[in-house]
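What follows is a single structure, written as structure tokens, with notes after it.
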Amino acid sequence: MRYRNGMNASVEQTPERLSPWQERVCSTRWAGPERPAARRGCAIHWLRRGRAVACAALLSAAVAAQAPARASFGLTAVEGIKVGHHTLSERPTGCTAILVDGDAVGGVSQRGGAPGTRETDLLNPMNMVDKVNAVVLAGGSAFGLDAATGTVRWLEEHNIGWPAGPSRVPIVPAAILFDLGVGGQPKIRPTADCGYKAAGAATTGPIAEGTVGAGAGATVGKFGGAGRSMKSGLGTASITLPNGLVVAAIVAVNAVGDIIDPATGKIVAGVRNPDGTFADARRMLRTGANSQPPRAGENTTIGLVATNAKLSKSQVTRMALMADDGYARAISPSHTNGDGDTIFSLATGRWNGAADITVVGALAAEAMADAVVRAGTQATGIAGIPAARDLKK
Amino acid sequence: MAIAAGTNATLTAVPGIKVGHHTLSGRPTGCTVVLIEGGATAGVDVRGAAPATRDTDLLNPTKMVEQIFGIALSGGSLFGLSSGDGVLRYLEEKNVGILYGGRHIPIVPGASIFDLGVGDATVRPAADCGYRAAQAATTAPVVEGSVGAGAGATLGKLAGMERAMKSGVGSAAIVMPDGLIVAALVVVNPLGDVIDPATGKIVAGVRTPDGRGFADARLMMRSGAPRASRGDNSTIGVIATNARLTKAQASYLAQLTDDGYARAIWPIHTIVDGDAVFAIATGTRPGNPDLVALGALAADVMATAVIRGATQATGLPNLPAVRDPR
């Protein structure tokens with residue numbers, strides 16, 4: 001498969017023919033400099049795809065008899081979590097399925113003013129179900145919620161779900177983002193088929209980032225109208241402590257605001273000036289220069305944080321709430337009434353150490369902020385909407 | 001935009017709002033009262049996990065009461081909530097409140113920080129403190145630093161009080177060319193460090209063991225801090241605007257303001273922080289505001305107020321402030 005995200009992504013295409021927007025992605029896939037992975041002590045430098053394939057080929061024989069390879073960075077660094085994307089070929093949109101091997105305690109923090117979600121009420125700590133089998137993130141606005149139906153079907157076929165009488169009911173909360181304005185064909189939306197294929201593509205390996213899955217149609221920096229926005233996408237990050245605690249995040253960033261690196265306060269991707277420099281949404285807002293207010297409801301950042309710690313349903317909800325501080329730090333502004341920002345949380349409980357929820361929550365915010373920044377740096381531009389790596393050329 | 005010298009760049013930049021402090025003499029603690037005698041639409045967002053609050057339920061947009069007349073912030077943990085009683089008494093004497101059955105009911109929500117670890121814990125703000133702070137309230141620029149509810153406030157407690165720093169009350173305001181005003185007041189008392197979001201640099205926080213530098217809570221946590229959940233925290237504040245908002249929009253404004261906490265405090269909203277933000281809209285500026293811009297400005301001005309809560313503080317023995325030589 002020529003598509004850059006073959007390792008854990010499926011895409012509707014024939015090997016010899018790509019759609020125009022995919023050709024653009026593939027032709028520029030190694031165009032930009034990689035983000036220095038050493039920022040803030042991250043141990044893993046991201047391999048480029050070519051090297052990753054070579055490594056995978058060499059390693060595959062050695063580990064063939066062992067458990068499937070698990071990523072050492074990103075959401076799949078949490079043992080028991082699988083991630084798969086499916087990206088549509090007709091238009092940049094798609095979905096991302098996060099599957100739990102077995103189940104995990106789940107929570108949610110829903111703070112944006114224009115959300116599109118399903119199965120979030122059951123995550124309330126007062127309600128009965130305390131286990132989640134998968135979470136689906138999708139493009140396509142409210143229509144994209146259909147993707148979760150496909151993941152539910154895939155899980156049922158694999159006999160995974162909440163035991164209820166003779167059947168197993170797969171618990172699959174989901175959230176969508178608005179990307180119908182990107183690519184010119186708003187009737188093309190992720191459907192149940194997308195969620196089914198993303199679930200089937202899910203692996204424990206390194207996660208494809210950038211213009212893929214739920215982030216395929218994501219954009220940021222919309223305070224000057226769509227013509228000055230930038231392409232963003234999907235990012236992932238993780239933090240592993242010496243004691244074995246792992247906290248990780250995945251996110252599709254489609255904010256009205258700019259992406260900011262909180263370590264420096266600098267803009268990663270956002271509203272552009274005509275000369276290609278950043279206009280800075282913070283300054284635009286403070287000076288009243290945002291003459292073209294973004295249309296409400298055409299944004300939304302959706303993500304998930306996961307840990308191997310053992311948490312109660314209340315604690316995992318606090319983890320999601322604190323992870324939202326990662327949005328606040330790396331997206332400016334965030335949580336507006338034009339954003340449906342939502343974060344799910346999962347605790348697999350496979351680590352037996354004593355988890356301090358303040359540590360887990362603080363690291364969840366850090367991992368989420370890192371993932372948001374990667375969603376900016378790893379994205380690939382599409383026609384008329386450049387990504388950060390395009391500006392650096 | 002920058003505010004011209006000589007103008008009021010604090011919460012009282014919003015017409016109709018008065019602020020007063022009362023600081024106890026027995027130990028560093030006290031209360032800070034915001035008065036809106038003409039009434040204001042209000043909302044609240046309580047995102048910290050260890051809150052001490054009163055009359056926050058009535059701020060839910062589905063509840064009846066549409067106007068509040070004051071906000072009582074105090075030290076003294078939940079004991080300090082009684083300072084609100086004094087504010088009620090003051091406003092009742094002035095016939096301020098919702099007219100109900102021939103009587104004025106002054107609605108005064110409140111919140112308190114935990115500062116019992118600073119000095120004699122039996123000394124706490126009571127109703128008298130709230131009454132005096134209300135008496136002292138004026139439209140003058142808000143006095144900042146180690147005063148009122150912030151007299152006993154501290155920050156950077158990830159390694160315990162031995163390496164913490166003194167903080168206090170901060171306030172800031174943004175006045176837009178079109179007349180929109182957004183202003184914040186905050187009592188900064190978090191577990192975490194205060195960060196300048198414009199640079200990512202620490203303004204005040206956990207000190208290194210020798211007391212000369214910052215340990216950086218972010219690095220401590222990423223490298224595996226042994227125990228993070230410690231008591232003695234809560235950041236409580238007020239965001240105010242002259243915009244006309246519904247009660248639901250005021251709640252939204254409070255939620256957006258919490259992003260200012262998130263940007264300027266690390267970590268925040270933890271299990272040992274009782275963080276709360278009250279939002280008040282006086283509605284003197286006509287027209288429907290751009291809610292996206294209003295929310296963004298609210299977070300921005302709150303982050304600035306948090307930084308001032310650190311930079312304007314005065315140190316105590318073993319609790320240095322930013323301005324103290326190190």
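Letters A, B, ... mark the chains of the structure tokens in the order given; residue numbers begin at 1 per chain; ligand numbers begin at 1, in order shown.
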Residues of chain B at most 6 Å from chain A: nearest atom pair and distance in Å, only C-alpha atoms, as a Markdown table:
```
| residue | atom | partner | partner_atom | distance |
| --- | --- | --- | --- | --- |
| B:Met1 | CA | A:Arg286 | CA | 5.5 |
| B:Pro197 | CA | A:Gly265 | CA | 5.7 |
| B:Ala198 | CA | A:Gly265 | CA | 4.6 |
| B:Thr199 | CA | A:Gly265 | CA | 4.6 |
| B:Gly200 | CA | A:Ala263 | CA | 4.7 |
| B:Gly224 | CA | A:Leu241 | CA | 5.7 |
| B:Ser229 | CA | A:Thr358 | CA | 5.9 |
| B:Asp259 | CA | A:Ala328 | CA | 5.1 |
| B:Ala262 | CA | A:Asp325 | CA | 5.2 |
| B:Arg263 | CA | A:Arg329 | CA | 5.0 |
| B:Pro267 | CA | A:Ala362 | CA | 5.7 |
| B:Thr270 | CA | A:Thr358 | CA | 5.3 |
| B:Ile271 | CA | A:Thr358 | CA | 5.9 |
| B:Val292 | CA | A:Thr336 | CA | 5.5 |
| B:Ala296 | CA | A:Pro333 | CA | 5.4 |
```
Exercise for review: Would you list, as a VMD selection string, the residues of range 27-146 of chain B that end up in strand (DSSP E or B) under DSSP run on this structure's backbone?
Suggested key: chain B and resid 30 to 46 53 to 54 68 to 74 98 to 100 103 to 105 110 to 112 138 145
Write the residues of the preceding selection, restricted to C-alpha atoms, as a tab-separated table (two decimals), in the first residue's frame.
```
chain	number	residue	atom	x	y	z
B	30	GLY	CA	-9.13	37.65	55.40
B	31	CYS	CA	-11.87	38.19	52.88
B	32	THR	CA	-12.49	40.02	49.62
B	33	VAL	CA	-15.99	41.14	48.69
B	34	VAL	CA	-17.31	42.06	45.25
B	35	LEU	CA	-20.48	44.16	45.37
B	36	ILE	CA	-22.88	44.66	42.46
B	37	GLU	CA	-25.59	46.65	44.21
B	38	GLY	CA	-27.49	47.12	40.96
B	39	GLY	CA	-27.55	43.35	40.43
B	40	ALA	CA	-25.87	41.23	37.76
B	41	THR	CA	-26.57	38.07	35.83
B	42	ALA	CA	-24.21	35.40	37.12
B	43	GLY	CA	-22.82	31.93	36.58
B	44	VAL	CA	-20.20	29.70	38.14
B	45	ASP	CA	-17.81	26.93	37.16
B	46	VAL	CA	-16.39	24.75	39.92
B	53	THR	CA	-18.64	27.17	48.18
B	54	ARG	CA	-22.06	28.58	49.05
B	68	ILE	CA	-26.86	38.33	42.33
B	69	PHE	CA	-25.66	41.32	44.34
B	70	GLY	CA	-22.32	40.28	45.75
B	71	ILE	CA	-19.64	37.61	45.87
B	72	ALA	CA	-17.77	36.74	49.07
B	73	LEU	CA	-14.26	35.30	48.68
B	74	SER	CA	-12.34	34.35	51.78
B	98	ILE	CA	-34.41	40.64	45.25
B	99	LEU	CA	-37.68	42.01	46.61
B	100	TYR	CA	-39.46	38.97	47.96
B	103	ARG	CA	-38.04	41.97	52.09
B	104	HIS	CA	-34.80	42.34	50.18
B	105	ILE	CA	-32.98	39.04	49.73
B	110	GLY	CA	-19.14	32.68	47.86
B	111	ALA	CA	-16.07	30.49	47.91
B	112	SER	CA	-13.13	30.01	50.24
B	138	THR	CA	-15.18	51.06	46.48
B	145	GLY	CA	-1.14	41.23	46.66
```
Practice item. Write down as a PyMOL selection string the residues of range 37-258 of chain B whose backbone DSSP state falls under helix (DSSP H, G or I). Key: chain B and resi 57-59+77-93+127-136+148-150+161-163+217-222+247-258
Practice item. For Ile81 in chain A, work out the shell of residues within 12 Å, counting only C-alpha atoms and skipping chain neighbours fewer than 2 positions away, then give it as a PyMOL selection string. Key: chain A and resi 68-71+74-79+83-84+97-104+132-135+199+202-207+246-250+304-308+346-350
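Between CA of Ser345 in chain A and CA of Phe278 in chain B there is a distance of 27.3 Å.
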Point to revise | 8 Å contact set for Gly48 in chain B, only C-alpha atoms, chain neighbours under 2 positions out, as number ranges by chain | key: B: 46, 50-51, 234, 268-276
Practice item. Please identify all polymer residues within 6 Å of Tyr131 in chain B, counting only C-alpha atoms, omitting same-chain residues fewer than 3 positions from it, and present them as number ranges by chain. Key: B: 86-87, 90, 128, 134
Exercise for review: Using CA of Ala250 in chain B and CA of Ala281 in chain B as the two end points, give the distance in Å to one decimal.
Suggested key: 6.8 Å
Practice item. Pick out the residues sitting within 6 Å of range 178-182 of chain B, and hand them over as a VMD selection string; count only C-alpha atoms, and ignore anything fewer than 2 positions along from it in its own chain. Key: chain B and resid 173 to 176 240 to 242
Writer output for current selection, C-alpha atoms, as a JSON list (two decimals), in the first residue's frame:
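Okay, out.json is ready:
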```
[["chain", "number", "residue", "atom", "x", "y", "z"],
["B", 173, "ALA", "CA", -8.97, 44.27, 32.83],
["B", 174, "ILE", "CA", -9.29, 44.52, 29.05],
["B", 175, "VAL", "CA", -11.15, 47.47, 27.52],
["B", 176, "MET", "CA", -11.95, 46.95, 23.82],
["B", 240, "ALA", "CA", -16.90, 40.42, 35.10],
["B", 241, "THR", "CA", -18.14, 42.10, 31.95],
["B", 242, "ASN", "CA", -20.38, 44.98, 31.00]]
```
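Atom to atom, CA of Thr96 in chain A and CA of Leu256 in chain B stand 27.8 Å apart.
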